[in-house]
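A quick write-up on the structure given underneath.
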Amino acid sequence: MHNARGWTGAVVVPALTIAVLLLGARDGRAEDISGTVMRTVMLSENTRLVADVTCRVTGGPCIAFGAPNIVLALNGFTMTGQADPDTACKGTPTSTDIGISTNAQSNVGIRGPGVVQRFMADGILFMGTTRGWVQNVTTTTNCMSGIRINPTSSQISVESNVSVRNGASAAGFTCGGI
Amino acid sequence: MQGNTNSLRWNETTGNGYAVPNDDFGIGVFSGDNNLVEENTAYGNTNGIIIFPPATNTRVRGNVAVGNPPLQQSTGVPGTAGVDIWDQSAPGATSFDKNICVTAINAPCPNLAPSQVPRKPGS
């Protein structure tokens, strides 16, 4: 995994462009993400997409929170995983291949508009998080649920999202929209 | 949804889940205590809203869950019997109020309210 602050132009993945910007005193520092992601991007501060993102990560989430009290803004762009655009799973889900994981960080948020689609597991997973939120995000064609809150999370607000055509055909994977 | 004291409001869920096995949903409360499902929509999913057995003190109110599953699935796929609202929790563990639905198991349905607001006001 990579800490988002550690990505630079010299890092191995040429298609991934992450620039550190100053957004003004109110928002503090923020990261920009775009292009192809080959290894999990670990967020350490407020972050936004500045173009569509194609995820080629296996064995872990595409984007994971690495600090509390920060926000990921999809900014109107789309994150796309490796599932099939028509059938999503092509068989059994791969439970590690999540679009966005809160990764046990608290008081974190995901802000739309934006699309999270075609991940081999959940599109968005709240895992070990207290006081998280997701707003105005469209999740579609993910192999498990579009948005999932796991048993170790609490006080999560899921508000004004659209969840379409998520789910798994394999036995033992009970899932769906939210 | 699992965990405690979570809220789902003003979400739209459509066309989620596979027909077989018949356990997928638009909105699902797997477990946890004191969760709220309020003013969401669930259309054309394998099941609309499912409250699973371990869930306690769940409040389901003001939702619109209709057309779950779509007609062709409900009549044409053997062994599927999805519904708009399916309460599998212990008796009294879930409260239902002012939801709009057509088919249900262990939940009041239809339960119509003329002032239904399934989405965030102003959105």
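In the structure tokens, each chain is lettered A, B, ... as it comes, each chain's residues begin at 1, and ligands are numbered from 1 in order of appearance.
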Point to revise | Residues of chain B within 8 Å of chain A, counting only C-alpha atoms, as number ranges by chain | key: B: 1-21, 23-28, 31-32, 119-120
Practice item. Quick one: everything within 12 Å of Arg56 of chain A, counting only C-alpha atoms, minus sequence neighbours fewer than 6 positions away in the same chain. Send it as a VMD selection string. Key: chain A and resid 13 15 to 16 35 to 41 62 to 63 79 to 83 97 to 99 118 to 120
Practice item. Tell me, as a list in words, which residues lie within 7 Å of segment 59-69 of chain B, counting only C-alpha atoms; anything in the same chain fewer than 6 positions away does not count. Key: Asn35, Leu36, Val37, Glu38, Glu39, Asn40, Thr41, Ala42, Tyr43, Gly44, Asn45, Thr46, Asn47, Gly48, Gly82, Val83, Asp84, Thr94, Ser95, Phe96, Asp97, Lys98, Asn99, Ile100, Cys101, Val102, Gln116 and Pro118 of chain B
Review point. Which of these, A:Ala88, A:Ala51, A:Leu43, A:Ala67, has the shortest distance to Ser106 of chain A once you count only C-alpha atoms?
Key: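 That would be A:Ala67, the residue with the smallest distance to Ser106 of chain A.
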Review point. Among segment 60-97 of chain B, which residues carry a DSSP assignment of strand (DSSP E), reported as a list in words?
Key: Val60, Arg61, Val64, Ala65, Val66, Ile85, Trp86, Asp87, Thr94, Ser95, Phe96 and Asp97 of chain B
Could you turn the residues from that selection into a file that holds N, CA and C atoms, as a PDB file, in the first residue's frame?
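Output file selection03.pdb is given in full below:
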ATOM      1  N   VAL B  60     -38.160   1.156  10.584  1.00  0.00           N
ATOM      2  CA  VAL B  60     -38.345   1.211   9.134  1.00  0.00           C
ATOM      3  C   VAL B  60     -39.545   2.096   8.869  1.00  0.00           C
ATOM      4  N   ARG B  61     -39.335   3.276   8.364  1.00  0.00           N
ATOM      5  CA  ARG B  61     -40.473   4.190   8.230  1.00  0.00           C
ATOM      6  C   ARG B  61     -40.351   5.091   6.994  1.00  0.00           C
ATOM      7  N   VAL B  64     -40.569   3.701   0.315  1.00  0.00           N
ATOM      8  CA  VAL B  64     -41.387   3.223  -0.789  1.00  0.00           C
ATOM      9  C   VAL B  64     -40.694   2.000  -1.376  1.00  0.00           C
ATOM     10  N   ALA B  65     -41.296   0.831  -1.175  1.00  0.00           N
ATOM     11  CA  ALA B  65     -40.731  -0.428  -1.675  1.00  0.00           C
ATOM     12  C   ALA B  65     -41.800  -1.118  -2.499  1.00  0.00           C
ATOM     13  N   VAL B  66     -41.646  -1.063  -3.802  1.00  0.00           N
ATOM     14  CA  VAL B  66     -42.651  -1.671  -4.694  1.00  0.00           C
ATOM     15  C   VAL B  66     -41.927  -2.313  -5.877  1.00  0.00           C
ATOM     16  N   ILE B  85     -41.100  -6.023   1.397  1.00  0.00           N
ATOM     17  CA  ILE B  85     -40.539  -5.919   2.750  1.00  0.00           C
ATOM     18  C   ILE B  85     -40.627  -7.289   3.419  1.00  0.00           C
ATOM     19  N   TRP B  86     -39.518  -7.745   3.980  1.00  0.00           N
ATOM     20  CA  TRP B  86     -39.471  -9.076   4.598  1.00  0.00           C
ATOM     21  C   TRP B  86     -38.808  -8.926   5.971  1.00  0.00           C
ATOM     22  N   ASP B  87     -39.614  -9.073   7.010  1.00  0.00           N
ATOM     23  CA  ASP B  87     -39.089  -8.965   8.375  1.00  0.00           C
ATOM     24  C   ASP B  87     -38.796 -10.354   8.930  1.00  0.00           C
ATOM     25  N   THR B  94     -38.569  -5.018  15.345  1.00  0.00           N
ATOM     26  CA  THR B  94     -38.540  -4.010  14.280  1.00  0.00           C
ATOM     27  C   THR B  94     -39.871  -3.274  14.265  1.00  0.00           C
ATOM     28  N   SER B  95     -39.813  -1.944  14.120  1.00  0.00           N
ATOM     29  CA  SER B  95     -41.051  -1.171  13.999  1.00  0.00           C
ATOM     30  C   SER B  95     -41.197  -0.678  12.562  1.00  0.00           C
ATOM     31  N   PHE B  96     -42.426  -0.695  12.059  1.00  0.00           N
ATOM     32  CA  PHE B  96     -42.730  -0.258  10.702  1.00  0.00           C
ATOM     33  C   PHE B  96     -43.758   0.857  10.775  1.00  0.00           C
ATOM     34  N   ASP B  97     -43.544   1.919  10.009  1.00  0.00           N
ATOM     35  CA  ASP B  97     -44.480   3.037  10.052  1.00  0.00           C
ATOM     36  C   ASP B  97     -44.483   3.760   8.702  1.00  0.00           C
TER      37      ASP B  97
END
Point to revise | For Thr78 of chain A: contacts at 9 Å, only C-alpha atoms, fewer than 5 positions along chain excluded, given as a PyMOL selection string | key: chain A and resi 49+51-54+114-117
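The spacing separating atom CA of Val71 of chain A from atom CA of Pro113 of chain A amounts to 13.3 Å.
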Practice item. Have a look at atom CA of Ala93 of chain B and atom CA of Ile51 of chain B and let me know their distance in Å, one decimal. Key: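 Taking atom CA of Ala93 of chain B as the start and atom CA of Ile51 of chain B as the end point, the length is 9.7 Å.
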